$ cat entry39.cif   # mmCIF, C-alpha atoms and all ligand atoms
data_data
#
loop_
_atom_site.group_PDB
_atom_site.id
_atom_site.type_symbol
_atom_site.label_atom_id
_atom_site.label_comp_id
_atom_site.auth_asym_id
_atom_site.auth_seq_id
_atom_site.Cartn_x
_atom_site.Cartn_y
_atom_site.Cartn_z
ATOM 1 C CA MET A 153 38.944 -115.877 -22.174
ATOM 2 C CA TYR A 154 35.573 -114.850 -20.977
ATOM 3 C CA ASN A 155 32.519 -116.517 -22.318
ATOM 4 C CA ASP A 156 30.789 -113.271 -23.044
ATOM 5 C CA PHE A 157 27.321 -114.722 -22.861
ATOM 6 C CA MET A 158 27.638 -116.524 -19.547
ATOM 7 C CA ASN A 159 29.430 -113.856 -17.575
ATOM 8 C CA ARG A 160 27.196 -110.897 -18.072
ATOM 9 C CA ILE A 161 25.887 -109.821 -14.743
ATOM 10 C CA ILE A 162 23.149 -107.432 -13.797
ATOM 11 C CA PHE A 163 23.987 -105.871 -10.465
ATOM 12 C CA LEU A 164 20.882 -104.560 -8.777
ATOM 13 C CA ASP A 165 20.110 -102.404 -5.821
ATOM 14 C CA ARG A 166 17.393 -103.826 -3.524
ATOM 15 C CA ASP A 167 15.393 -100.988 -1.886
ATOM 16 C CA GLY A 168 13.699 -98.642 -4.334
ATOM 17 C CA THR A 169 14.771 -100.800 -7.263
ATOM 18 C CA ILE A 170 13.294 -104.266 -6.665
ATOM 19 C CA ILE A 171 11.239 -103.604 -3.549
ATOM 20 C CA LYS A 172 9.385 -100.522 -2.412
ATOM 21 C CA GLU A 173 11.580 -97.920 -0.701
ATOM 22 C CA LYS A 174 10.395 -97.549 2.906
ATOM 23 C CA GLY A 175 13.381 -96.068 4.688
ATOM 24 C CA TYR A 176 15.132 -98.620 6.855
ATOM 25 C CA ILE A 177 13.351 -101.910 6.290
ATOM 26 C CA SER A 178 13.640 -103.971 9.460
ATOM 27 C CA LYS A 179 10.575 -106.212 9.334
ATOM 28 C CA PRO A 180 9.854 -109.015 6.879
ATOM 29 C CA GLU A 181 6.270 -107.822 6.465
ATOM 30 C CA ASP A 182 7.535 -104.504 5.100
ATOM 31 C CA VAL A 183 9.099 -106.165 2.077
ATOM 32 C CA GLU A 184 6.936 -105.340 -0.929
ATOM 33 C CA LEU A 185 8.018 -106.236 -4.441
ATOM 34 C CA LEU A 186 7.606 -103.607 -7.153
ATOM 35 C CA PRO A 187 5.438 -105.283 -9.841
ATOM 36 C CA LYS A 188 7.440 -103.951 -12.804
ATOM 37 C CA ALA A 189 10.617 -105.120 -11.111
ATOM 38 C CA ILE A 190 9.403 -108.717 -11.197
ATOM 39 C CA SER A 191 8.711 -108.465 -14.922
ATOM 40 C CA GLY A 192 12.153 -106.922 -15.408
ATOM 41 C CA ILE A 193 13.888 -109.691 -13.488
ATOM 42 C CA LYS A 194 12.024 -112.349 -15.463
ATOM 43 C CA LEU A 195 12.976 -110.732 -18.753
ATOM 44 C CA LEU A 196 16.664 -110.554 -17.795
ATOM 45 C CA LYS A 197 16.692 -114.146 -16.585
ATOM 46 C CA ALA A 198 15.093 -115.240 -19.859
ATOM 47 C CA LYS A 199 18.106 -113.638 -21.566
ATOM 48 C CA LYS A 200 20.407 -115.709 -19.310
ATOM 49 C CA PHE A 201 21.827 -112.836 -17.320
ATOM 50 C CA LYS A 202 22.887 -113.595 -13.767
ATOM 51 C CA LEU A 203 21.350 -111.221 -11.244
ATOM 52 C CA ILE A 204 23.287 -110.101 -8.191
ATOM 53 C CA VAL A 205 21.842 -107.758 -5.582
ATOM 54 C CA LEU A 206 24.148 -105.285 -3.830
ATOM 55 C CA THR A 207 22.491 -103.498 -0.930
ATOM 56 C CA ASN A 208 23.658 -100.919 1.620
ATOM 57 C CA GLN A 209 22.036 -101.753 4.958
ATOM 58 C CA SER A 210 23.463 -99.176 7.326
ATOM 59 C CA GLY A 211 20.432 -99.623 9.586
ATOM 60 C CA VAL A 212 22.473 -102.422 11.162
ATOM 61 C CA GLY A 213 25.527 -100.234 11.832
ATOM 62 C CA ARG A 214 23.339 -97.421 13.075
ATOM 63 C CA GLY A 215 21.693 -99.786 15.552
ATOM 64 C CA TYR A 216 18.195 -99.463 14.042
ATOM 65 C CA PHE A 217 17.934 -103.218 13.560
ATOM 66 C CA SER A 218 20.054 -106.323 13.999
ATOM 67 C CA LEU A 219 21.832 -108.585 11.541
ATOM 68 C CA LYS A 220 19.214 -111.181 12.439
ATOM 69 C CA ASP A 221 16.444 -108.744 11.421
ATOM 70 C CA LEU A 222 18.252 -108.127 8.147
ATOM 71 C CA LYS A 223 18.541 -111.873 7.569
ATOM 72 C CA ARG A 224 14.782 -112.255 8.080
ATOM 73 C CA VAL A 225 14.048 -109.374 5.703
ATOM 74 C CA ASN A 226 16.300 -110.899 3.054
ATOM 75 C CA GLU A 227 14.704 -114.311 3.533
ATOM 76 C CA ARG A 228 11.309 -112.716 2.983
ATOM 77 C CA PHE A 229 12.681 -111.017 -0.146
ATOM 78 C CA PHE A 230 13.830 -114.366 -1.579
ATOM 79 C CA LYS A 231 10.570 -116.046 -0.584
ATOM 80 C CA LEU A 232 8.440 -113.411 -2.317
ATOM 81 C CA LEU A 233 10.530 -113.710 -5.474
ATOM 82 C CA LYS A 234 10.040 -117.462 -5.394
ATOM 83 C CA GLN A 235 6.290 -117.011 -4.964
ATOM 84 C CA LYS A 236 6.341 -114.901 -8.122
ATOM 85 C CA GLY A 237 8.144 -117.706 -9.920
ATOM 86 C CA THR A 238 11.534 -116.083 -10.124
ATOM 87 C CA SER A 239 14.763 -115.505 -8.199
ATOM 88 C CA VAL A 240 18.069 -113.686 -8.067
ATOM 89 C CA ASP A 241 21.410 -115.492 -7.964
ATOM 90 C CA LYS A 242 22.926 -113.812 -4.928
ATOM 91 C CA LEU A 243 22.590 -110.914 -2.513
ATOM 92 C CA TYR A 244 25.475 -109.104 -0.840
ATOM 93 C CA PHE A 245 24.925 -106.502 1.848
ATOM 94 C CA CYS A 246 26.988 -103.876 3.635
ATOM 95 C CA PRO A 247 25.873 -103.527 7.273
ATOM 96 C CA HIS A 248 28.152 -100.583 8.084
ATOM 97 C CA LYS A 249 27.308 -96.941 8.692
ATOM 98 C CA PRO A 250 29.032 -94.313 6.549
ATOM 99 C CA GLU A 251 31.290 -93.225 9.441
ATOM 100 C CA ASN A 252 32.913 -96.670 9.401
ATOM 101 C CA ASN A 253 34.488 -95.839 6.045
ATOM 102 C CA CYS A 254 34.295 -99.497 5.091
ATOM 103 C CA GLY A 255 35.226 -100.748 1.672
ATOM 104 C CA CYS A 256 31.864 -102.339 0.949
ATOM 105 C CA ARG A 257 29.331 -99.517 1.289
ATOM 106 C CA LYS A 258 28.280 -98.369 -2.175
ATOM 107 C CA PRO A 259 29.760 -96.452 -4.011
ATOM 108 C CA GLU A 260 32.802 -98.364 -2.696
ATOM 109 C CA THR A 261 33.289 -101.560 -4.671
ATOM 110 C CA GLY A 262 33.863 -104.156 -1.920
ATOM 111 C CA MET A 263 30.626 -106.057 -2.522
ATOM 112 C CA LEU A 264 31.368 -106.185 -6.217
ATOM 113 C CA GLU A 265 34.918 -107.417 -5.535
ATOM 114 C CA GLN A 266 33.430 -110.179 -3.393
ATOM 115 C CA ALA A 267 31.068 -111.065 -6.224
ATOM 116 C CA ARG A 268 34.051 -111.308 -8.552
ATOM 117 C CA LEU A 269 35.567 -113.935 -6.266
ATOM 118 C CA ASP A 270 32.329 -115.924 -6.312
ATOM 119 C CA PHE A 271 31.400 -115.573 -9.994
ATOM 120 C CA ASP A 272 33.262 -115.260 -13.279
ATOM 121 C CA ILE A 273 32.328 -111.744 -14.304
ATOM 122 C CA ASN A 274 32.979 -109.731 -17.411
ATOM 123 C CA LEU A 275 32.607 -106.191 -16.105
ATOM 124 C CA GLU A 276 32.597 -104.655 -19.565
ATOM 125 C CA THR A 277 29.367 -106.365 -20.493
ATOM 126 C CA SER A 278 27.721 -106.060 -17.077
ATOM 127 C CA TYR A 279 25.329 -103.467 -15.696
ATOM 128 C CA MET A 280 24.514 -101.706 -12.450
ATOM 129 C CA ILE A 281 20.907 -100.663 -11.853
ATOM 130 C CA GLY A 282 19.762 -98.558 -8.927
ATOM 131 C CA ASP A 283 17.909 -95.489 -7.697
ATOM 132 C CA LYS A 284 20.650 -93.612 -5.836
ATOM 133 C CA ILE A 285 23.850 -91.693 -6.500
ATOM 134 C CA GLU A 286 25.764 -94.467 -4.708
ATOM 135 C CA ASP A 287 24.501 -97.095 -7.159
ATOM 136 C CA ILE A 288 25.499 -95.138 -10.232
ATOM 137 C CA GLY A 289 28.769 -94.180 -8.511
ATOM 138 C CA LEU A 290 29.699 -97.804 -7.924
ATOM 139 C CA GLY A 291 28.803 -98.689 -11.491
ATOM 140 C CA LYS A 292 31.043 -95.987 -12.875
ATOM 141 C CA ARG A 293 33.968 -96.865 -10.613
ATOM 142 C CA ALA A 294 33.751 -100.468 -11.746
ATOM 143 C CA ASN A 295 33.322 -99.576 -15.441
ATOM 144 C CA LEU A 296 29.880 -101.119 -15.584
ATOM 145 C CA LYS A 297 27.123 -99.696 -17.718
ATOM 146 C CA THR A 298 24.791 -97.807 -15.422
ATOM 147 C CA ILE A 299 21.024 -97.404 -15.349
ATOM 148 C CA LEU A 300 19.120 -95.135 -13.015
ATOM 149 C CA VAL A 301 15.568 -96.251 -12.239
ATOM 150 C CA LEU A 302 13.057 -93.569 -11.308
ATOM 151 C CA THR A 303 11.456 -95.753 -8.648
ATOM 152 C CA GLY A 304 12.516 -95.262 -4.993
ATOM 153 C CA TYR A 305 14.689 -92.139 -4.723
ATOM 154 C CA GLY A 306 15.336 -92.149 -8.466
ATOM 155 C CA LYS A 307 13.430 -88.998 -9.373
ATOM 156 C CA GLY A 308 15.453 -86.972 -6.886
ATOM 157 C CA THR A 309 18.686 -88.590 -8.031
ATOM 158 C CA ARG A 310 18.116 -87.822 -11.673
ATOM 159 C CA LYS A 311 19.742 -84.391 -11.747
ATOM 160 C CA GLU A 312 22.743 -85.578 -9.737
ATOM 161 C CA VAL A 313 24.040 -88.310 -12.023
ATOM 162 C CA THR A 314 24.840 -89.138 -15.649
ATOM 163 C CA PRO A 315 24.008 -92.820 -16.093
ATOM 164 C CA ASP A 316 24.057 -94.539 -19.460
ATOM 165 C CA PHE A 317 20.277 -94.762 -19.341
ATOM 166 C CA VAL A 318 17.379 -93.503 -17.232
ATOM 167 C CA ALA A 319 14.471 -95.957 -16.933
ATOM 168 C CA LYS A 320 11.044 -95.495 -15.404
ATOM 169 C CA ASN A 321 11.400 -98.806 -13.608
ATOM 170 C CA LEU A 322 13.283 -102.098 -13.684
ATOM 171 C CA LEU A 323 11.183 -103.473 -16.533
ATOM 172 C CA GLU A 324 12.092 -100.529 -18.758
ATOM 173 C CA ALA A 325 15.737 -100.947 -17.759
ATOM 174 C CA ALA A 326 15.593 -104.643 -18.669
ATOM 175 C CA LYS A 327 14.018 -103.884 -22.051
ATOM 176 C CA TRP A 328 16.791 -101.385 -22.799
ATOM 177 C CA ILE A 329 19.462 -103.934 -21.915
ATOM 178 C CA CYS A 330 17.773 -106.570 -24.070
ATOM 179 C CA LEU A 331 17.869 -104.275 -27.094
ATOM 180 C CA LYS A 332 21.651 -104.536 -26.858
ATOM 181 C CA VAL A 333 21.948 -108.292 -26.443
HETATM 182 MG MG MG B 401 17.916 -97.976 -3.396
HETATM 183 ZN ZN ZN B 402 30.488 -101.999 4.536
#

$ encode --input "entry39.cif" --output "structure tokens" --more "lines below"
Ligand SMILES: [Mg+2]
Ligand SMILES: [Zn+2]
Amino acid sequence: MYNDFMNRIIFLDRDGTIIKEKGYISKPEDVELLPKAISGIKLLKAKKFKLIVLTNQSGVGRGYFSLKDLKRVNERFFKLLKQKGTSVDKLYFCPHKPENNCGCRKPETGMLEQARLDFDINLETSYMIGDKIEDIGLGKRANLKTILVLTGYGKGTRKEVTPDFVAKNLLEAAKWICLKV
């Protein structure tokens, strides 16, 4: 049996959801946390959710930057979170370009399947939060509750998807989730 409380996961997109959307982020200095996202992460952690980031990074597959660049960007991401007194539990990335038809590029569920091997996850009580069609698409395929944030590309995405909730930002998304806990 699942321990319902311990296995609730918040899956989060990175760019446009936690950090500022800047196209293909290849340099550590371009990582900029969204202030409301930090508050949202802190609120969710206070409610004992685990936070797992799932990010499409096709800039690698397209040859715009290297895996090493991506590693540095992600290290910067974790460092900035730490500086703000918080963290996420794990980050998975897909480095492939769409033409590769890999199983891990959102909305495909490969990264989530990997997370299920690494964590005990109750999908029915977990959430996917992101700013793009692919994020909501993955959430729906995996039977997660879905939240579109209007940061990043979210405003443009709004008319394309039917998430369970539309939030101005990650903090508003977190507050909505906490109403249900
Ligand atoms: Mg995004
Ligand atoms: Zn992939």

$ resolve_selection --input "entry39.cif" --expression "the PyMOL selection byres (((chain A and resi 300) around 12) and not hetatm)" --output "short mmCIF file (atom, residue, chain, number, x, y, z; two decimals) with C-alpha atoms, keeping the file's coordinate frame"
data_model
loop_
_atom_site.label_atom_id
_atom_site.label_comp_id
_atom_site.auth_asym_id
_atom_site.auth_seq_id
_atom_site.Cartn_x
_atom_site.Cartn_y
_atom_site.Cartn_z
CA LEU A 164 20.88 -104.56 -8.78
CA ASP A 165 20.11 -102.40 -5.82
CA GLY A 168 13.70 -98.64 -4.33
CA THR A 169 14.77 -100.80 -7.26
CA TYR A 279 25.33 -103.47 -15.70
CA MET A 280 24.51 -101.71 -12.45
CA ILE A 281 20.91 -100.66 -11.85
CA GLY A 282 19.76 -98.56 -8.93
CA ASP A 283 17.91 -95.49 -7.70
CA LYS A 284 20.65 -93.61 -5.84
CA ILE A 285 23.85 -91.69 -6.50
CA GLU A 286 25.76 -94.47 -4.71
CA ASP A 287 24.50 -97.10 -7.16
CA ILE A 288 25.50 -95.14 -10.23
CA GLY A 289 28.77 -94.18 -8.51
CA GLY A 291 28.80 -98.69 -11.49
CA LYS A 292 31.04 -95.99 -12.88
CA LYS A 297 27.12 -99.70 -17.72
CA THR A 298 24.79 -97.81 -15.42
CA ILE A 299 21.02 -97.40 -15.35
CA VAL A 301 15.57 -96.25 -12.24
CA LEU A 302 13.06 -93.57 -11.31
CA THR A 303 11.46 -95.75 -8.65
CA GLY A 304 12.52 -95.26 -4.99
CA TYR A 305 14.69 -92.14 -4.72
CA GLY A 306 15.34 -92.15 -8.47
CA LYS A 307 13.43 -89.00 -9.37
CA GLY A 308 15.45 -86.97 -6.89
CA THR A 309 18.69 -88.59 -8.03
CA ARG A 310 18.12 -87.82 -11.67
CA LYS A 311 19.74 -84.39 -11.75
CA GLU A 312 22.74 -85.58 -9.74
CA VAL A 313 24.04 -88.31 -12.02
CA THR A 314 24.84 -89.14 -15.65
CA PRO A 315 24.01 -92.82 -16.09
CA ASP A 316 24.06 -94.54 -19.46
CA PHE A 317 20.28 -94.76 -19.34
CA VAL A 318 17.38 -93.50 -17.23
CA ALA A 319 14.47 -95.96 -16.93
CA LYS A 320 11.04 -95.50 -15.40
CA ASN A 321 11.40 -98.81 -13.61
CA LEU A 322 13.28 -102.10 -13.68
CA GLU A 324 12.09 -100.53 -18.76
CA ALA A 325 15.74 -100.95 -17.76
CA ALA A 326 15.59 -104.64 -18.67
CA TRP A 328 16.79 -101.38 -22.80
#

$ atom_distance --input "entry39.cif" --atom1 "atom CA of Phe163 of chain A" --atom2 "atom CA of Lys234 of chain A"
18.8 Å

$ atom_distance --input "entry39.cif" --atom1 "atom CA of Pro247 of chain A" --atom2 "atom ZN of ligand ZN 402 (chain B)"
5.6 Å

$ residues_around --input "entry39.cif" --residues "segment 214-224 of chain A" --least-positions-apart "3" --cutoff "8 Å" --atoms "all atoms listed in the file" --output "MDAnalysis selection string"
chainID A and resid 176 178:180 210:211 227:228 247:249

$ closest_residue --input "entry39.cif" --among "A:Phe201, A:Ser191, A:Leu206, A:Lys242" --to "ligand MG 401 (chain B)" --atoms "all atoms listed in the file"
A:Leu206

$ resolve_selection --input "entry39.cif" --expression "the PyMOL selection byres (((not hetatm)) within 6 of (chain B and resi 402))" --output "list in words"
Cys246, Pro247, His248, Cys254, Gly255, Cys256 and Arg257 of chain A

$ write_last_selection --input "entry39.cif" --atoms "C-alpha atoms" --output "CSV table (one decimal), in the frame of the given file"
chain,number,residue,atom,x,y,z
A,246,CYS,CA,27.0,-103.9,3.6
A,247,PRO,CA,25.9,-103.5,7.3
A,248,HIS,CA,28.2,-100.6,8.1
A,254,CYS,CA,34.3,-99.5,5.1
A,255,GLY,CA,35.2,-100.7,1.7
A,256,CYS,CA,31.9,-102.3,0.9
A,257,ARG,CA,29.3,-99.5,1.3

$ atom_distance --input "entry39.cif" --atom1 "atom CA of Ile204 of chain A" --atom2 "atom CA of Gly237 of chain A"
17.0 Å

$ decode --input "entry39.cif" --residues "segment 223-238 of chain A" --atoms "C-alpha atoms" --output "PDB file, in the first residue's frame"
ATOM      1  CA  LYS A 223      25.413  20.266 -16.139  1.00  0.00           C
ATOM      2  CA  ARG A 224      26.833  23.680 -15.213  1.00  0.00           C
ATOM      3  CA  VAL A 225      23.450  25.352 -15.704  1.00  0.00           C
ATOM      4  CA  ASN A 226      21.771  22.749 -13.508  1.00  0.00           C
ATOM      5  CA  GLU A 227      24.464  23.120 -10.856  1.00  0.00           C
ATOM      6  CA  ARG A 228      23.826  26.857 -10.840  1.00  0.00           C
ATOM      7  CA  PHE A 229      20.090  26.158 -10.524  1.00  0.00           C
ATOM      8  CA  PHE A 230      20.659  23.980  -7.439  1.00  0.00           C
ATOM      9  CA  LYS A 231      23.107  26.489  -5.972  1.00  0.00           C
ATOM     10  CA  LEU A 232      20.668  29.390  -6.323  1.00  0.00           C
ATOM     11  CA  LEU A 233      17.914  27.352  -4.684  1.00  0.00           C
ATOM     12  CA  LYS A 234      20.255  26.570  -1.814  1.00  0.00           C
ATOM     13  CA  GLN A 235      21.127  30.253  -1.460  1.00  0.00           C
ATOM     14  CA  LYS A 236      17.409  30.938  -1.097  1.00  0.00           C
ATOM     15  CA  GLY A 237      17.237  28.325   1.642  1.00  0.00           C
ATOM     16  CA  THR A 238      15.417  25.667  -0.303  1.00  0.00           C
TER      17      THR A 238
END
